[in-house]
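Q: Got a file for you: work_38.csv, CSV, C-alpha atoms.
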```csv
chain,number,residue,atom,x,y,z
A,1,MET,CA,79.5,-98.2,108.0
A,2,PRO,CA,83.1,-99.1,107.2
A,3,LYS,CA,84.5,-102.2,109.0
A,4,PRO,CA,86.8,-101.4,111.9
A,5,GLU,CA,90.4,-102.6,111.7
A,6,VAL,CA,90.3,-104.2,115.2
A,7,SER,CA,87.6,-106.0,117.1
A,8,VAL,CA,88.2,-106.0,120.9
A,9,VAL,CA,86.4,-108.9,122.7
A,10,VAL,CA,85.7,-108.2,126.4
A,11,PRO,CA,84.0,-111.0,128.4
A,12,VAL,CA,82.2,-109.8,131.5
A,13,PHE,CA,81.0,-111.7,134.6
A,14,ASN,CA,80.3,-109.9,137.8
A,15,SER,CA,83.1,-107.3,137.2
A,16,GLU,CA,81.4,-104.1,138.4
A,17,ALA,CA,84.4,-103.1,140.6
A,18,TYR,CA,86.9,-103.1,137.7
A,19,LEU,CA,84.9,-102.8,134.6
A,20,ALA,CA,84.9,-99.0,134.3
A,21,ALA,CA,88.7,-98.9,134.4
A,22,CYS,CA,88.8,-101.6,131.7
A,23,LEU,CA,86.4,-99.8,129.3
A,24,ASN,CA,87.9,-96.4,130.0
A,25,SER,CA,91.2,-97.7,128.9
A,26,LEU,CA,89.7,-98.4,125.5
A,27,LEU,CA,88.3,-94.8,125.2
A,28,THR,CA,91.8,-93.4,125.8
A,29,GLN,CA,93.5,-95.5,123.0
A,30,SER,CA,95.6,-93.4,120.6
A,31,TYR,CA,94.4,-95.7,117.8
A,32,GLU,CA,90.7,-95.3,117.3
A,33,ASP,CA,89.6,-97.6,114.4
A,34,PHE,CA,88.2,-100.4,116.5
A,35,GLU,CA,84.9,-101.9,117.8
A,36,VAL,CA,84.4,-103.2,121.4
A,37,LEU,CA,82.3,-106.4,121.7
A,38,ILE,CA,81.3,-106.5,125.4
A,39,VAL,CA,79.8,-109.9,126.2
A,40,ASP,CA,78.0,-110.0,129.5
A,41,ASP,CA,78.0,-113.7,130.6
A,42,GLY,CA,74.9,-113.6,132.8
A,43,SER,CA,76.3,-111.1,135.4
A,44,THR,CA,74.2,-110.8,138.6
A,45,ASP,CA,75.9,-107.7,140.0
A,46,ALA,CA,75.8,-104.1,138.6
A,47,SER,CA,78.0,-104.9,135.6
A,48,LEU,CA,75.3,-104.0,133.1
A,49,HIS,CA,74.8,-100.6,134.7
A,50,VAL,CA,78.5,-99.9,134.2
A,51,ILE,CA,78.4,-101.1,130.5
A,52,ARG,CA,75.3,-99.3,129.3
A,53,PRO,CA,76.7,-95.7,129.4
A,54,PHE,CA,79.6,-96.7,127.2
A,55,VAL,CA,77.3,-98.4,124.7
A,56,GLU,CA,74.9,-95.4,124.7
A,57,LYS,CA,77.7,-92.7,124.2
A,58,ASP,CA,80.1,-94.4,121.8
A,59,SER,CA,78.8,-96.4,118.7
A,60,ARG,CA,82.0,-98.5,118.7
A,61,PHE,CA,80.8,-100.2,121.9
A,62,GLN,CA,78.3,-103.1,121.5
A,63,LEU,CA,76.7,-105.2,124.2
A,64,ILE,CA,76.0,-108.9,123.7
A,65,LYS,CA,74.0,-110.3,126.6
A,66,CYS,CA,73.9,-113.9,127.6
A,67,ASP,CA,70.9,-115.0,129.7
A,68,GLU,CA,72.9,-117.2,131.9
A,69,ASN,CA,76.6,-117.8,132.8
A,70,HIS,CA,78.4,-120.1,130.4
A,71,GLY,CA,82.0,-119.4,131.1
A,72,PRO,CA,84.7,-117.2,129.6
A,73,ALA,CA,85.4,-119.3,126.5
A,74,TYR,CA,81.7,-119.2,125.5
A,75,ALA,CA,81.6,-115.5,126.1
A,76,ARG,CA,84.7,-114.7,124.1
A,77,ASN,CA,83.3,-116.9,121.3
A,78,GLN,CA,80.1,-114.9,121.1
A,79,GLY,CA,82.3,-111.8,120.4
A,80,ILE,CA,84.6,-113.5,118.0
A,81,ALA,CA,81.6,-114.9,116.0
A,82,VAL,CA,80.3,-111.4,115.2
A,83,ALA,CA,83.6,-109.5,115.0
A,84,LYS,CA,83.9,-107.3,111.9
A,85,GLY,CA,87.5,-106.3,112.3
A,86,ARG,CA,90.5,-107.9,110.5
A,87,TYR,CA,92.3,-108.2,113.8
A,88,VAL,CA,90.8,-109.8,117.0
A,89,ALA,CA,92.2,-108.7,120.3
A,90,PHE,CA,91.2,-109.7,123.8
A,91,LEU,CA,90.8,-107.7,127.0
A,92,ASP,CA,89.5,-109.3,130.2
A,93,SER,CA,87.1,-107.2,132.2
A,94,ASP,CA,89.3,-106.8,135.3
A,95,ASP,CA,92.4,-105.9,133.2
A,96,TYR,CA,93.1,-102.7,131.3
A,97,TRP,CA,95.3,-101.4,128.5
A,98,LEU,CA,97.8,-98.6,128.3
A,99,PRO,CA,96.9,-95.8,125.8
A,100,THR,CA,99.2,-96.8,123.0
A,101,LYS,CA,98.4,-100.5,123.1
A,102,LEU,CA,96.6,-100.9,119.8
A,103,GLU,CA,98.7,-98.4,117.9
A,104,ARG,CA,102.0,-100.0,119.0
A,105,GLN,CA,100.9,-103.6,118.6
A,106,LEU,CA,99.4,-103.1,115.1
A,107,ALA,CA,102.5,-101.3,113.9
A,108,PHE,CA,104.6,-104.2,115.3
A,109,MET,CA,102.5,-106.8,113.5
A,110,GLN,CA,102.8,-105.0,110.2
A,111,GLU,CA,106.5,-104.4,110.7
A,112,LYS,CA,107.2,-108.0,111.5
A,113,SER,CA,104.6,-109.4,109.0
A,114,THR,CA,103.2,-111.6,111.7
A,115,PRO,CA,99.6,-112.7,112.1
A,116,LEU,CA,99.9,-113.6,115.8
A,117,SER,CA,101.4,-111.3,118.5
A,118,PHE,CA,101.5,-110.6,122.2
A,119,THR,CA,103.2,-108.1,124.4
A,120,ALA,CA,104.8,-107.7,127.8
A,121,TYR,CA,102.5,-106.5,130.6
A,122,TRP,CA,102.3,-105.3,134.1
A,123,ARG,CA,100.8,-107.2,137.0
A,124,CYS,CA,99.0,-105.2,139.6
A,125,ASP,CA,97.1,-105.8,142.8
A,126,GLY,CA,93.4,-105.4,143.3
A,127,GLU,CA,93.7,-101.7,143.5
A,128,GLY,CA,95.0,-101.5,139.9
A,129,GLU,CA,98.5,-100.1,140.5
A,130,PRO,CA,101.2,-101.8,138.4
A,131,LYS,CA,103.6,-103.7,140.6
A,132,ASP,CA,105.9,-106.0,138.5
A,133,LEU,CA,106.7,-106.5,134.9
A,134,VAL,CA,106.1,-109.7,133.0
A,135,SER,CA,108.4,-109.7,130.0
A,136,ALA,CA,107.6,-111.1,126.5
A,137,PRO,CA,110.0,-113.3,124.6
A,138,HIS,CA,110.8,-112.1,121.1
A,139,GLN,CA,109.0,-115.1,119.7
A,140,VAL,CA,107.6,-118.5,120.7
A,141,ASP,CA,106.6,-121.6,118.7
A,142,TYR,CA,104.2,-124.4,119.5
A,143,PHE,CA,106.6,-126.5,121.6
A,144,GLY,CA,108.1,-123.5,123.3
A,145,LEU,CA,104.6,-122.4,124.4
A,146,LEU,CA,103.9,-125.9,125.8
A,147,LYS,CA,106.7,-125.2,128.3
A,148,GLY,CA,104.8,-122.2,129.7
A,149,ASN,CA,102.1,-119.9,128.5
A,150,VAL,CA,104.0,-116.6,128.0
A,151,MET,CA,101.1,-115.1,126.0
A,152,GLY,CA,99.0,-113.0,128.4
A,153,CYS,CA,95.3,-113.2,127.2
A,154,SER,CA,94.8,-109.4,127.4
A,155,THR,CA,97.8,-108.8,125.2
A,156,VAL,CA,97.1,-111.2,122.3
A,157,MET,CA,96.0,-110.2,118.9
A,158,TYR,CA,95.5,-112.4,115.8
A,159,ASP,CA,94.9,-111.6,112.1
A,160,THR,CA,91.7,-113.1,110.7
A,161,ALA,CA,92.9,-112.5,107.2
A,162,PHE,CA,95.5,-115.3,107.9
A,163,PHE,CA,93.7,-117.6,110.4
A,164,GLY,CA,90.0,-116.8,109.8
A,165,ARG,CA,87.8,-116.3,112.9
A,166,VAL,CA,89.1,-119.0,115.2
A,167,LEU,CA,87.0,-119.8,118.4
A,168,MET,CA,88.3,-120.8,121.8
A,169,PRO,CA,87.9,-124.4,122.9
A,170,LEU,CA,85.1,-124.6,125.4
A,171,LEU,CA,87.2,-125.4,128.5
A,172,ASP,CA,86.6,-124.4,132.1
A,173,LYS,CA,90.3,-123.4,132.4
A,174,ARG,CA,93.2,-122.8,130.0
A,175,GLN,CA,90.9,-122.0,127.1
A,176,ASP,CA,93.1,-119.1,126.0
A,177,PHE,CA,96.2,-121.3,126.2
A,178,ALA,CA,94.4,-123.9,124.0
A,179,LEU,CA,93.6,-121.3,121.4
A,180,TRP,CA,97.2,-120.0,121.2
A,181,LEU,CA,98.4,-123.6,120.6
A,182,GLN,CA,95.8,-124.1,118.0
A,183,LEU,CA,96.9,-121.0,116.1
A,184,LEU,CA,100.5,-122.0,116.5
A,185,LYS,CA,99.8,-125.1,114.5
A,186,GLN,CA,99.1,-122.8,111.5
A,187,VAL,CA,102.1,-120.4,111.8
A,188,GLU,CA,105.7,-120.9,112.7
A,189,VAL,CA,105.9,-118.5,115.6
A,190,ALA,CA,104.0,-115.9,117.6
A,191,ARG,CA,106.0,-112.7,118.0
A,192,GLY,CA,106.3,-110.8,121.3
A,193,LEU,CA,106.6,-107.0,121.7
A,194,GLN,CA,108.8,-106.3,124.7
A,195,GLU,CA,107.0,-103.1,125.5
A,196,PRO,CA,104.4,-103.5,128.4
A,197,LEU,CA,101.1,-102.4,127.0
A,198,ALA,CA,98.5,-104.0,129.3
A,199,VAL,CA,97.9,-104.4,133.0
A,200,TYR,CA,96.8,-107.7,134.4
A,201,ARG,CA,94.9,-107.5,137.7
A,202,ARG,CA,95.7,-110.4,140.0
A,203,ARG,CA,93.1,-110.5,142.7
A,204,ALA,CA,93.7,-112.3,146.0
A,205,GLY,CA,91.8,-115.5,146.3
A,206,SER,CA,91.1,-115.9,142.6
A,207,LEU,CA,91.5,-119.3,141.0
A,208,SER,CA,94.4,-118.1,139.0
A,209,SER,CA,96.2,-117.1,142.2
A,210,ASN,CA,95.8,-120.6,143.7
A,211,LYS,CA,99.0,-122.5,142.9
A,212,LEU,CA,97.7,-126.0,143.5
A,213,VAL,CA,94.5,-125.4,141.5
A,214,SER,CA,96.6,-123.9,138.7
A,215,ALA,CA,99.1,-126.8,138.7
A,216,TRP,CA,96.3,-129.5,138.6
A,217,ALA,CA,94.6,-127.6,135.8
A,218,ASN,CA,97.8,-127.5,133.8
A,219,TRP,CA,98.4,-131.3,134.3
A,220,ARG,CA,94.9,-132.1,133.1
A,221,PHE,CA,95.3,-129.7,130.2
A,222,TYR,CA,98.5,-131.5,129.0
A,223,ARG,CA,96.9,-134.9,129.3
A,224,ARG,CA,93.4,-134.3,128.1
A,225,GLN,CA,93.3,-131.3,125.9
A,226,VAL,CA,96.8,-131.5,124.2
A,227,GLY,CA,96.8,-135.3,124.4
A,228,LEU,CA,100.3,-135.8,125.6
A,229,GLY,CA,101.5,-139.2,126.8
A,230,PHE,CA,102.5,-139.6,130.4
A,231,LEU,CA,106.3,-138.9,130.0
A,232,PRO,CA,105.9,-136.0,127.6
A,233,ALA,CA,103.3,-134.5,130.0
A,234,VAL,CA,105.8,-134.9,132.9
A,235,TYR,CA,108.4,-133.1,130.8
A,236,TYR,CA,106.2,-130.1,129.8
A,237,PHE,CA,104.6,-129.9,133.2
A,238,SER,CA,108.1,-129.7,134.8
A,239,CYS,CA,109.0,-126.9,132.3
A,240,TYR,CA,105.8,-125.1,133.3
A,241,ALA,CA,106.6,-125.5,137.0
A,242,ILE,CA,110.1,-124.1,136.5
A,243,TYR,CA,108.8,-121.2,134.4
A,244,GLY,CA,106.3,-120.4,137.2
A,245,LEU,CA,109.0,-120.6,139.9
A,246,LYS,CA,111.3,-118.2,137.9
A,247,LYS,CA,108.4,-115.7,137.6
A,248,HIS,CA,107.8,-115.9,141.3
A,249,CYS,CA,111.5,-115.4,142.1
A,250,ARG,CA,111.7,-112.4,139.8
A,251,LYS,CA,108.7,-110.9,141.4
A,252,GLY,CA,110.2,-111.5,144.9
A,253,ARG,CA,113.4,-109.6,143.9
A,254,LYS,CA,111.5,-106.4,142.9
```
As structure tokens, please, write out the structure in this file.

A:
Amino acid sequence: MPKPEVSVVVPVFNSEAYLAACLNSLLTQSYEDFEVLIVDDGSTDASLHVIRPFVEKDSRFQLIKCDENHGPAYARNQGIAVAKGRYVAFLDSDDYWLPTKLERQLAFMQEKSTPLSFTAYWRCDGEGEPKDLVSAPHQVDYFGLLKGNVMGCSTVMYDTAFFGRVLMPLLDKRQDFALWLQLLKQVEVARGLQEPLAVYRRRAGSLSSNKLVSAWANWRFYRRQVGLGFLPAVYYFSCYAIYGLKKHCRKGRK
């Protein structure tokens, strides 16, 4: 079998309510040369029942099953490790893509000759209806990204012909942020496509929606993972807080 151009890594943990919408968004992609590596990270709900019909009906869909829950970084790494595509893309199981996502992003990467890209995206509520737009800067470098993670996980794609297959650090939180920074040590900038091509589902009560938990996770990330001294950590944490406040204000004006 010829190798696919893109490997899409979908980590799953107890996502039965949103998983069908996620996987159906892959079936409707205008670009079809991809594989889907669905990594079930020890789900205890009906997620496997949702996954199996996709795997049975479409040979591009593969299931990788973990016996117990290890966390999203471990799950994504299981997919990255067996990916056959030149490009690795990420899609979280409660998010979904718009139909031209792969087609438009691949064309963008080839046009810009960039090995690392991301796109704008919509945020939606638990019902899945897009509510507000999160824009993408034209480009971001390592130090710019430290000021605020503008690269939404379900929008990022990287080129293994340039980077190789790079795994996510095994962190409880901010593992995607850590990977983007790691990749940006090898390339000058990541380039952003301003067109919104993904939908991020923000569920009420989720850890990512808890501002204090998120702030503390970011502070620890700067100090422990990135290894910043106290004063640099204060600077970048302040930039992160201002970036988050601006996003909140923009959302409030819509």

Q: Counting only C-alpha atoms, which of A:Leu212, A:Leu63, A:Ile51, A:Leu19 gets nearest to Ala75 (chain A)?

A: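 Among A:Leu212, A:Leu63, A:Ile51, A:Leu19, it is A:Leu63 that comes nearest to Ala75 (chain A).
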
Q: Tell me, as number ranges by chain, which residues lie within 9 Å of Glu68 (chain A), counting only C-alpha atoms; anything in the same chain fewer than 2 positions away does not count.

A: A: 41-43, 65-66, 70

Q: What's around Phe177 (chain A) at 12 Å? Count all atoms listed in the file, leave out sequence neighbours fewer than 6 positions away in its own chain, and write the answer as a VMD selection string.

A: chain A and resid 73 142 145 to 153 156 168 to 171 183 to 184 217 to 218 221 to 222 225 to 226

Q: Choose the residue, out of A:Gly144, A:Ala20, A:Val82, A:Trp180, that has the smallest atom-to-atom separation from Tyr236 (chain A); count only C-alpha atoms.

A: A:Gly144

Q: Write out as JSON, numbers by chain each polymer residue whose atoms come within 12 Å of Tyr235 (chain A), counting only C-alpha atoms; drop sequence neighbours fewer than 4 positions from it.

A: {"A": [143, 146, 147, 148, 219, 222, 223, 228, 229, 230, 231, 239, 240, 241, 242]}

Q: Go ahead and dump the residues you just picked, C-alpha atoms, as a JSON list (two decimals), in the coordinates of the input.

A:
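Resulting contents of part_10.json:
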```json
[["chain", "number", "residue", "atom", "x", "y", "z"],
["A", 143, "PHE", "CA", 106.60, -126.50, 121.60],
["A", 146, "LEU", "CA", 103.90, -125.90, 125.80],
["A", 147, "LYS", "CA", 106.70, -125.20, 128.30],
["A", 148, "GLY", "CA", 104.80, -122.20, 129.70],
["A", 219, "TRP", "CA", 98.40, -131.30, 134.30],
["A", 222, "TYR", "CA", 98.50, -131.50, 129.00],
["A", 223, "ARG", "CA", 96.90, -134.90, 129.30],
["A", 228, "LEU", "CA", 100.30, -135.80, 125.60],
["A", 229, "GLY", "CA", 101.50, -139.20, 126.80],
["A", 230, "PHE", "CA", 102.50, -139.60, 130.40],
["A", 231, "LEU", "CA", 106.30, -138.90, 130.00],
["A", 239, "CYS", "CA", 109.00, -126.90, 132.30],
["A", 240, "TYR", "CA", 105.80, -125.10, 133.30],
["A", 241, "ALA", "CA", 106.60, -125.50, 137.00],
["A", 242, "ILE", "CA", 110.10, -124.10, 136.50]]
```
